[in-house]
Amino acid sequence: MTDFADQLLARPRHTRPYANIVEAVGWTPLIRLNRVTAGIRTPVYGKAEFMNPGGSVKDRVGPAIIEAAERAGELRPGGTVVEGTSGNTGVGLALAAAIKGYRCIFTIPDKMSQEKVRLLKAFGAEVIVTPTAVAPDHPDNYVMMAKRIAEETPNAILANQFYNQANPEAHYATTAPEIWEQTEGRVTHFVSAAGTGGTLTGVGRYLKERNPAVRIIGGDPVGSIIAGYAATGSKPEAAPYKVEGIGQDKIPGTLDMSVVDEWRSVEDRASLGMARRLTREEGLFVGGSAGLICQVALEVAREIDDPEACVVFILCDTGERYLSKIFNDEWMRENRLLEPSRVTARDMVSGKEDKAPGQLIAVAPETPVRQALGFITQHNISQLPVVSEGDCVGHISEASLMSRVLENTATLEQSVQHLMDAPLPVVDAHVDLPGITRLLNRQNPAVLVRHDGRLAGIITRYDVLRYLTDAR
Ligand SMILES: Cc1ncc(COP(=O)(O)O)c(C=O)c1O
């Protein structure tokens with residue numbers, strides 16, 4: 001037998017058959033990170049919730065909510081389960097509903113990936129897609145709409161994951177004791193993020209009861225209000241972001257802020273970039289929320305720099321749910337979310353929405369200064385390359401040209417070749433963003449891009465700065 005097969009048999013896992021799929025939820029593995037932790041001495045472990053049968057941490061919550069409703073006599077045979085869900089809770093509910101014969105109706109915001117909608121439909125659920133860009137109390141908001149459907153449908157419950165205490169209790173009863181046992185009580189830091197806050201609250205509460213010194217850390221997308229609210233006590237303005245399933249524009253009833261010691265905000269680009277790295281470098285195929293949480297876990301691990309500590313974080317859901325987004329370069333590029341090393345000069349040029357791609361605005365050496373200034377104003381640009389026979393022979397910038405004209409208005413009638421500065425550097429279309437950045441300085445405020453043998457575009461210092469700071 002191979003080493004791999006030997007090791008598999010030596011560590012028996014599912015040794016007995018299960019009565020149904022819900023019994024196979026939980027006892028997800030705790031997996032050490034090895035490569036994305038390069039240079040970090042603190043051990044970091046991910047709890048592989050994406051290995052649950054429905055592919056997410058929410059498989060624990062769906063069955064728990066349904067059982068609680070049955071026990072309370074609120075859900076009877078033939079009943080309906082309604083929920084406003086960003087997808088994963090729907091799958092958890094649908095798993096349990098499928099084996100128990102309940103009907104499911106889900107409302108889901110339109111920013112969520114198509115895969116999630118199709119997945120819920122695959123389980124036989126009825127799915128209603130609602131607009132993301134409405135206020136939390138608007139009738140078209142996905143939570144408000146679910147509430148209304150549950151009220152109007154006989155023998156129906158609203159799963160109500162944002163307020164239902166069965167949600168954090170499921171994590172208190174299962175996720176947390178698993179982590180405690182898997183680390184033999186050695187866990188020192190627990191990192192997650194809050195969608196409903198169920199995971200952070202349930203796991204955090206349990207771990208603190210076992211050892212009050214365990215630090216509970218919440219990651220939050222930039223644009224969500226939770227981290228800001230925790231820091232200031234007042235609710236900041238919410239802004240859109242791309243990570244799915246976590247962060248909020250209001251504080252959920254299932255989030256006990258007192259359990260969380262610290263919040264850290266993370267930008268979309270770092271979160272989604274880390275989801276891609278976890279997949280490529282660790283073989284952990286996960287979504288953006290796991291990427292965000294991992295980013296925080298690594299930050300914490302780097303800061304504490306202690307080989308005796310034990311950082312555990314949640315790998316919330318499977319990357320398969322994001323094949324058309326995070327794992328699609330085209331979508332990442334369109335949303336300016338690719339890591340700089342994967343962005344090329346060509347991407348930068350075609351990403352300038354205000355210019356026709358492939359068209360370089362330039363002047364000939366003989367062009368009068370008056371006409372060149374007209375171009376600069378007309379196209380609202382700061383740098384104008386001077387091109388002769390397909391090559392850059394110099395450049396003029398708005399600022400230097402202006403000051404010379406103001407000194408001596410006769411300059412207006414001269415040709416630009418008498419006033420131009422040195423030619424701009426030219427890069428191949430495949431050069432990456434760090435390669436471009438290295439060439440930019442005070443003398444070279446822009447670079448030109450050559451594609452298919454001709455000058456096809458310009459990238460200014462402003463373009464690079466905007467790329468680096470724009471995207472969330
Ligand atoms: C992808 C994803 N990650 C994380 C979470 C957060 O979990 P919780 O609701 O327990 O805070 C959710 C919740 O919906 C989710 O869908």
# chains A, B, ... in the order shown; residues from 1 in each chain; ligands from 1
>>> closest_atom_pairs(of="chain A", to="ligand 1", cutoff="9 Å", atoms="only C-alpha atoms and all ligand atoms", output="Markdown table")
| residue | atom | partner | partner_atom_place_in_ligand_line | distance |
| --- | --- | --- | --- | --- |
| A:Ser56 | CA | ligand 1 | 1 (C) | 7.2 |
| A:Val57 | CA | ligand 1 | 7 (O) | 6.9 |
| A:Lys58 | CA | ligand 1 | 13 (C) | 6.7 |
| A:Val61 | CA | ligand 1 | 10 (O) | 8.4 |
| A:Thr85 | CA | ligand 1 | 14 (O) | 7.1 |
| A:Ser86 | CA | ligand 1 | 16 (O) | 5.9 |
| A:Gly87 | CA | ligand 1 | 16 (O) | 6.2 |
| A:Asn88 | CA | ligand 1 | 16 (O) | 4.9 |
| A:Thr89 | CA | ligand 1 | 14 (O) | 6.0 |
| A:Gln161 | CA | ligand 1 | 9 (O) | 7.6 |
| A:Phe162 | CA | ligand 1 | 9 (O) | 7.6 |
| A:Asn167 | CA | ligand 1 | 10 (O) | 7.5 |
| A:Pro168 | CA | ligand 1 | 10 (O) | 7.2 |
| A:His171 | CA | ligand 1 | 10 (O) | 8.1 |
| A:Ser192 | CA | ligand 1 | 11 (O) | 7.8 |
| A:Ala193 | CA | ligand 1 | 11 (O) | 5.8 |
| A:Ala194 | CA | ligand 1 | 11 (O) | 3.5 |
| A:Gly195 | CA | ligand 1 | 11 (O) | 3.5 |
| A:Thr196 | CA | ligand 1 | 9 (O) | 3.6 |
| A:Gly197 | CA | ligand 1 | 11 (O) | 3.5 |
| A:Gly198 | CA | ligand 1 | 10 (O) | 3.7 |
| A:Thr199 | CA | ligand 1 | 10 (O) | 3.7 |
| A:Leu200 | CA | ligand 1 | 11 (O) | 6.3 |
| A:Thr201 | CA | ligand 1 | 10 (O) | 8.0 |
| A:Gly202 | CA | ligand 1 | 10 (O) | 8.4 |
| A:Val243 | CA | ligand 1 | 1 (C) | 8.2 |
| A:Glu244 | CA | ligand 1 | 1 (C) | 5.7 |
| A:Gly245 | CA | ligand 1 | 16 (O) | 3.6 |
| A:Ile246 | CA | ligand 1 | 5 (C) | 5.2 |
| A:Gly247 | CA | ligand 1 | 6 (C) | 8.3 |
| A:Thr254 | CA | ligand 1 | 11 (O) | 8.4 |
| A:Leu255 | CA | ligand 1 | 11 (O) | 7.7 |
| A:Val286 | CA | ligand 1 | 1 (C) | 9.0 |
| A:Gly287 | CA | ligand 1 | 1 (C) | 6.5 |
| A:Gly288 | CA | ligand 1 | 1 (C) | 7.2 |
| A:Ser289 | CA | ligand 1 | 3 (N) | 4.9 |
| A:Ala290 | CA | ligand 1 | 3 (N) | 6.7 |
| A:Ile314 | CA | ligand 1 | 4 (C) | 8.3 |
| A:Leu315 | CA | ligand 1 | 3 (N) | 8.0 |
| A:Cys316 | CA | ligand 1 | 3 (N) | 4.8 |
| A:Asp317 | CA | ligand 1 | 1 (C) | 5.3 |
| A:Thr318 | CA | ligand 1 | 1 (C) | 8.2 |
| A:Arg321 | CA | ligand 1 | 1 (C) | 9.0 |
>>> select_by_dssp(residues="stretch 35-134 of chain A", states="alpha helix (DSSP H)", output="NGL selection string")
:A and (61-71 or 88-100 or 114-122)
>>> residues_around(residues="stretch 120-127 of chain A", least_positions_apart="2", cutoff="12 Å", atoms="only C-alpha atoms", output="ChimeraX atom specification")
/A:54,80-99,101-110,113-118,129-130,142,145-146,149,321
>>> atom_distance(atom1="atom CA of A:Cys310", atom2="atom CA of A:Arg210")
15.1 Å
>>> closest_residue(among="A:His395, A:Leu207, A:Arg370, A:Ala301", to="A:Asp421", atoms="only C-alpha atoms")
A:His395
>>> atom_distance(atom1="atom CA of A:Glu67", atom2="atom CA of A:Ile21")
15.0 Å
>>> atom_distance(atom1="atom CA of A:Trp27", atom2="atom CA of A:Asp6")
21.6 Å
>>> select_by_dssp(residues="stretch 7-216 of chain A", states="strand (DSSP E)", output="count of residues only")
35
>>> closest_residue(among="A:Leu119, A:Ile31, A:Leu433, A:Val369", to="A:Glu49", atoms="only C-alpha atoms")
A:Ile31
>>> closest_residue(among="A:Leu373, A:Val134, A:Leu278, A:Ala176", to="A:Tyr206", atoms="only C-alpha atoms")
A:Ala176
>>> residues_around(residues="A:Ile376", least_positions_apart="3", cutoff="12 Å", atoms="only C-alpha atoms", output="PyMOL selection string")
chain A and resi 361-363+369-373+379-385+396-399+401-402
>>> write_last_selection(atoms="C-alpha atoms", output="PDB file, in the first residue's frame")
ATOM      1  CA  ILE A 361      -3.915  60.347 -27.688  1.00  0.00           C
ATOM      2  CA  ALA A 362      -0.626  61.826 -28.944  1.00  0.00           C
ATOM      3  CA  VAL A 363       0.712  64.742 -31.034  1.00  0.00           C
ATOM      4  CA  VAL A 369       1.662  74.344 -28.454  1.00  0.00           C
ATOM      5  CA  ARG A 370      -1.746  76.060 -28.695  1.00  0.00           C
ATOM      6  CA  GLN A 371      -3.221  72.949 -30.356  1.00  0.00           C
ATOM      7  CA  ALA A 372      -1.515  70.574 -27.883  1.00  0.00           C
ATOM      8  CA  LEU A 373      -2.996  72.514 -24.942  1.00  0.00           C
ATOM      9  CA  HIS A 379      -9.466  64.991 -23.338  1.00  0.00           C
ATOM     10  CA  ASN A 380      -8.913  66.001 -19.720  1.00  0.00           C
ATOM     11  CA  ILE A 381      -5.450  64.405 -19.609  1.00  0.00           C
ATOM     12  CA  SER A 382      -2.275  65.391 -17.788  1.00  0.00           C
ATOM     13  CA  GLN A 383       0.399  63.875 -20.083  1.00  0.00           C
ATOM     14  CA  LEU A 384       0.616  64.083 -23.857  1.00  0.00           C
ATOM     15  CA  PRO A 385       3.175  61.892 -25.678  1.00  0.00           C
ATOM     16  CA  ILE A 396       4.663  67.280 -22.595  1.00  0.00           C
ATOM     17  CA  SER A 397       2.836  67.594 -19.333  1.00  0.00           C
ATOM     18  CA  GLU A 398       0.033  69.998 -18.635  1.00  0.00           C
ATOM     19  CA  ALA A 399       1.774  71.546 -15.642  1.00  0.00           C
ATOM     20  CA  LEU A 401       3.572  73.536 -20.517  1.00  0.00           C
ATOM     21  CA  MET A 402       1.207  75.852 -18.655  1.00  0.00           C
TER      22      MET A 402
END
>>> residues_around(residues="A:Glu308", least_positions_apart="4", cutoff="10 Å", atoms="only C-alpha atoms", output="list in words")
Arg41, Thr42, Pro43, Arg186, Val187 and Thr188 of chain A
